[in-house]
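**Student:** Below are the structure tokens for one structure; questions will follow.
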Amino acid sequence: MSDSHSELSKPIYKRVLLKISGEGFCHEGGFGIEATELENIARQCVDVAKMGVELAIVVGGGNFIRGATFAEDGNIPRATADYMGMLATVLNAVALQETMEKMGQPTRVQSAINVQTVAEPFVRRRAVRHLEKGRALILAAGTGNPFFTTDTCAALRATEIAADVLLKATKVDGIYDSDPKKNKNAKLYHNVSYPEVLEKQLKVMDLTAITLCMERKIPLVVFNLKTPGNIARVMRGEDIGTKIVPQAGDLK
């Protein structure tokens with residue numbers, strides 16, 4: 001019995017890239033970093049790292065600022081607003097690092113923009129070495145370029161570090177055919193292919209990110225971060241959220 005339980009508890013992925021939106025750091029409609037939400041994220045990440053998974057995390061900054069929205073609403077050029085958003089991701093990354101390390105998990109932050117006082121620069125070989133050494137890795141500042149989302153960054157970094165899977169942690173249970181908040185009969189997809197995502201115009205990530213994942217054949221799992229333990233459940237291969245595979249023939 002114990003052997004069977006042990007097998008079920010083993011992760012099915014060795015190296016993963018986890019994308020956490022900035023909104024994950026506060027309650028819905030909130031602002032900034034809230035201690036309870038931060039601790040929930042940190043605890044789940046630590047639990048996954050303790051499973052022996054090589055864990056890289058890309059954090060968003062929408063709990064502070066969204067570059068595109070801010071540029072539209074104010075007098076600040078889009079490029080400048082995007083750089084401001086990158087700085088917001090650094091705040092989230094450092095907060096998550098400190099919280100995870102207090103929980104006993106060695107963690108490093110690498111930034112795509114130069115903030116050497118608080119984070120290392122992103123260097124791919126160094127990033128991979130951190131993972132091989134059992135350190136969790138938090139990747140901040142997106143790609144370091146304006147006009148690219150942190151979702152695109154997640155797809156790019158997953159490719160660079162040769163991740164087995166890209167996980168997108170959200171505030172909903174997966175991908176629906178319509179907005180579940182507006183339509184109580186919205187259908188949740190459990191398995192879907194990238195061509196279907198494009199054909200049906202399902203709102204998962206931006207087109208650049210989806211295209212990169214499809215071309216590099218990186219599977220993607222979209223799930224609810226707010227349910228404690230969900231990241232570990234995905235690691236064990238449980239039927240959580242929506243799994244996106246490169247081609248329809250890959251669906252099981």
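Each chain in the structure tokens gets a letter, A, B and so on, in the order shown; residues start at 1 in every chain, and ligands are counted from 1 in the order they appear.
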Give me the residues within 10 Å of Arg125 of chain A as a list of chain:residue names, counting only C-alpha atoms and dropping any in the same chain fewer than 5 places off.
**Tutor:**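 These residues fall inside the cut-off: A:His130, A:Glu160, A:Ile161.
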**Student:** Could the residues in this selection be written to a file with N, CA and C atoms, as a PDB file, in the first residue's frame?
**Tutor:**
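This went into out.pdb:
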ATOM      1  N   HIS A 130      21.564  26.553 -11.264  1.00  0.00           N
ATOM      2  CA  HIS A 130      20.790  26.716 -10.028  1.00  0.00           C
ATOM      3  C   HIS A 130      19.762  25.601  -9.889  1.00  0.00           C
ATOM      4  N   GLU A 160      14.275  28.037 -23.189  1.00  0.00           N
ATOM      5  CA  GLU A 160      15.707  28.198 -22.909  1.00  0.00           C
ATOM      6  C   GLU A 160      16.227  27.188 -21.894  1.00  0.00           C
ATOM      7  N   ILE A 161      15.431  26.894 -20.872  1.00  0.00           N
ATOM      8  CA  ILE A 161      15.910  25.971 -19.836  1.00  0.00           C
ATOM      9  C   ILE A 161      15.506  24.527 -20.122  1.00  0.00           C
TER      10      ILE A 161
END
**Student:** Where in segment 107-212 of chain A does DSSP assign strand (DSSP E), given as a ChimeraX atom specification?
**Tutor:** /A:107-111,120-121,136-140,165-170,175-176,188-189,191-193
**Student:** Identify which of the residues A:Lys243, A:Arg216, A:Arg135, A:Arg129 lies closest to Asp173 of chain A, counting only C-alpha atoms when measuring atom-to-atom distances.
**Tutor:**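 Among the listed residues, A:Lys243 lies closest to Asp173 of chain A.
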**Student:** Find the residues near segment 212-214 of chain A: any atom within 10 Å, counting only C-alpha atoms, skip ones fewer than 2 places away on the same chain, and give them as JSON, numbers by chain.
**Tutor:** {"A": [152, 154, 155, 156, 158, 159, 165, 166, 193, 194, 195, 207, 208, 209, 210, 216, 217, 218, 219, 220, 244, 245, 246, 247]}
**Student:** Any chance you can output those residues with N, CA and C atoms as an mmCIF file, in the first residue's frame?
**Tutor:**
data_model
loop_
_atom_site.group_PDB
_atom_site.id
_atom_site.type_symbol
_atom_site.label_atom_id
_atom_site.label_comp_id
_atom_site.auth_asym_id
_atom_site.auth_seq_id
_atom_site.Cartn_x
_atom_site.Cartn_y
_atom_site.Cartn_z
ATOM 1 N N THR A 152 4.733 35.668 -22.610
ATOM 2 C CA THR A 152 5.736 35.414 -23.642
ATOM 3 C C THR A 152 7.071 35.083 -22.999
ATOM 4 N N ALA A 154 7.489 33.615 -20.144
ATOM 5 C CA ALA A 154 7.387 32.250 -19.617
ATOM 6 C C ALA A 154 7.634 31.222 -20.719
ATOM 7 N N ALA A 155 7.042 31.454 -21.887
ATOM 8 C CA ALA A 155 7.249 30.527 -23.009
ATOM 9 C C ALA A 155 8.708 30.538 -23.459
ATOM 10 N N LEU A 156 9.303 31.714 -23.502
ATOM 11 C CA LEU A 156 10.700 31.837 -23.913
ATOM 12 C C LEU A 156 11.636 31.155 -22.922
ATOM 13 N N ALA A 158 10.912 28.853 -20.711
ATOM 14 C CA ALA A 158 10.667 27.406 -20.715
ATOM 15 C C ALA A 158 11.465 26.742 -21.829
ATOM 16 N N THR A 159 11.534 27.426 -22.967
ATOM 17 C CA THR A 159 12.321 26.917 -24.090
ATOM 18 C C THR A 159 13.809 26.935 -23.760
ATOM 19 N N VAL A 165 7.471 21.099 -19.059
ATOM 20 C CA VAL A 165 6.108 21.599 -19.141
ATOM 21 C C VAL A 165 6.081 23.053 -18.681
ATOM 22 N N LEU A 166 5.128 23.797 -19.211
ATOM 23 C CA LEU A 166 4.882 25.168 -18.761
ATOM 24 C C LEU A 166 3.565 25.165 -18.005
ATOM 25 N N SER A 193 -5.670 21.044 -27.997
ATOM 26 C CA SER A 193 -4.408 21.190 -28.719
ATOM 27 C C SER A 193 -4.167 22.660 -29.057
ATOM 28 N N TYR A 194 -2.915 23.020 -29.325
ATOM 29 C CA TYR A 194 -2.600 24.402 -29.681
ATOM 30 C C TYR A 194 -3.353 24.866 -30.934
ATOM 31 N N PRO A 195 -3.444 24.025 -32.000
ATOM 32 C CA PRO A 195 -4.227 24.468 -33.161
ATOM 33 C C PRO A 195 -5.677 24.794 -32.805
ATOM 34 N N LEU A 207 -0.709 35.680 -28.364
ATOM 35 C CA LEU A 207 -0.412 34.893 -29.566
ATOM 36 C C LEU A 207 1.059 34.525 -29.681
ATOM 37 N N THR A 208 1.945 35.443 -29.289
ATOM 38 C CA THR A 208 3.385 35.159 -29.377
ATOM 39 C C THR A 208 3.756 33.978 -28.487
ATOM 40 N N ALA A 209 3.225 33.965 -27.260
ATOM 41 C CA ALA A 209 3.520 32.881 -26.318
ATOM 42 C C ALA A 209 2.971 31.554 -26.819
ATOM 43 N N ILE A 210 1.725 31.564 -27.287
ATOM 44 C CA ILE A 210 1.101 30.334 -27.783
ATOM 45 C C ILE A 210 1.875 29.775 -28.975
ATOM 46 N N ARG A 216 7.785 24.888 -30.301
ATOM 47 C CA ARG A 216 8.792 24.155 -29.531
ATOM 48 C C ARG A 216 8.227 22.900 -28.876
ATOM 49 N N LYS A 217 6.930 22.643 -29.115
ATOM 50 C CA LYS A 217 6.265 21.436 -28.597
ATOM 51 C C LYS A 217 6.325 21.350 -27.067
ATOM 52 N N ILE A 218 6.045 22.461 -26.419
ATOM 53 C CA ILE A 218 6.031 22.510 -24.955
ATOM 54 C C ILE A 218 4.593 22.355 -24.464
ATOM 55 N N PRO A 219 4.270 21.300 -23.735
ATOM 56 C CA PRO A 219 2.909 21.184 -23.196
ATOM 57 C C PRO A 219 2.649 22.274 -22.157
ATOM 58 N N LEU A 220 1.394 22.677 -22.055
ATOM 59 C CA LEU A 220 0.998 23.749 -21.149
ATOM 60 C C LEU A 220 -0.175 23.284 -20.302
ATOM 61 N N ILE A 244 -2.833 21.611 -22.506
ATOM 62 C CA ILE A 244 -2.722 21.932 -23.931
ATOM 63 C C ILE A 244 -1.495 21.212 -24.479
ATOM 64 N N VAL A 245 -1.691 20.488 -25.576
ATOM 65 C CA VAL A 245 -0.610 19.712 -26.182
ATOM 66 C C VAL A 245 -0.348 20.239 -27.593
ATOM 67 N N PRO A 246 0.829 19.955 -28.159
ATOM 68 C CA PRO A 246 1.178 20.517 -29.471
ATOM 69 C C PRO A 246 0.194 20.224 -30.594
ATOM 70 N N GLN A 247 -0.255 18.962 -30.717
ATOM 71 C CA GLN A 247 -1.138 18.577 -31.795
ATOM 72 C C GLN A 247 -2.307 17.739 -31.267
#
**Student:** Nearest to Thr242 of chain A among A:Asp177, A:Glu132, A:Asp151, A:Glu72, with distances taken over only C-alpha atoms: which residue is it?
**Tutor:** A:Asp177
**Student:** Counting only C-alpha atoms, which residue out of A:Thr143, A:Glu98, A:Gly32, A:Val16 sits closest to Asp82 of chain A?
**Tutor:**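 Once distances to Asp82 of chain A are computed over only C-alpha atoms, the minimum belongs to A:Thr143.
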**Student:** I want to know what sits within 9 Å of segment 225-234 of chain A, based on only C-alpha atoms, with residues of the same chain fewer than 5 positions away left out; could you give that as a list in words?
**Tutor:**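 Near neighbours after the sequence-gap exclusion: Ser9, Pro11, Ile12, Leu18, Ile20, Gly24, Glu37, Asn40, Ile41, Arg43, Gln44, Cys45, Asp47, Val48, Met51, Leu167, Lys168, Ala169, Thr170, Lys171, Val172, Asp173, Asp239, Ile240 and Gly241 of chain A.
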**Student:** Could you tell me, as a ChimeraX atom specification, which residues of segment 36-196 of chain A DSSP assigns to alpha helix (DSSP H) when given the backbone?
**Tutor:** /A:36-50,67-73,78-102,124-132,150-160,194-196
**Student:** Neighbouring residues of Glu101 of chain A were defined as those with any atom within 12 Å, considering only C-alpha atoms; residues of the same chain fewer than 6 positions away were excluded. Please report them as a list in words.
**Tutor:**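 Result of the neighbour search: Glu39, Ala42, Arg43, Cys45, Val46, Ala49, Val94, Ala95, Thr107, Arg108, Val109, Arg135, Ala136 and Leu137 of chain A.
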**Student:** Out of A:Pro77, A:Gly144, A:Gly134, A:Gly174, which residue has the shortest atom-to-atom distance to Gln110 of chain A when counting only C-alpha atoms?
**Tutor:**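 Smallest distance to Gln110 of chain A is found for A:Gly144.
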**Student:** How many Å separate atom CA of Ile175 of chain A from atom CA of Gln201 of chain A?
**Tutor:** 11.2 Å
**Student:** When distances are computed from only C-alpha atoms, which of A:Val128, A:Ile76, A:Val222, A:Met235 shows the smallest separation from Lys50 of chain A?
**Tutor:** A:Met235
**Student:** Separation of atom CA of Thr89 of chain A and atom CA of Pro106 of chain A, in Å?
**Tutor:**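 It comes out at 19.6 Å.
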**Student:** Counting only C-alpha atoms, what is within 7 Å of Ser21 of chain A, bar same-chain residues fewer than 5 positions away, as a CSV table (one decimal) with C-alpha atoms, in the first residue's frame?
**Tutor:**
chain,number,residue,atom,x,y,z
A,59,VAL,CA,6.2,36.3,-12.0
A,60,GLY,CA,4.0,38.9,-13.4
A,61,GLY,CA,3.5,42.4,-12.0
A,62,GLY,CA,-0.2,43.1,-12.5
A,170,THR,CA,-4.5,31.6,-12.8
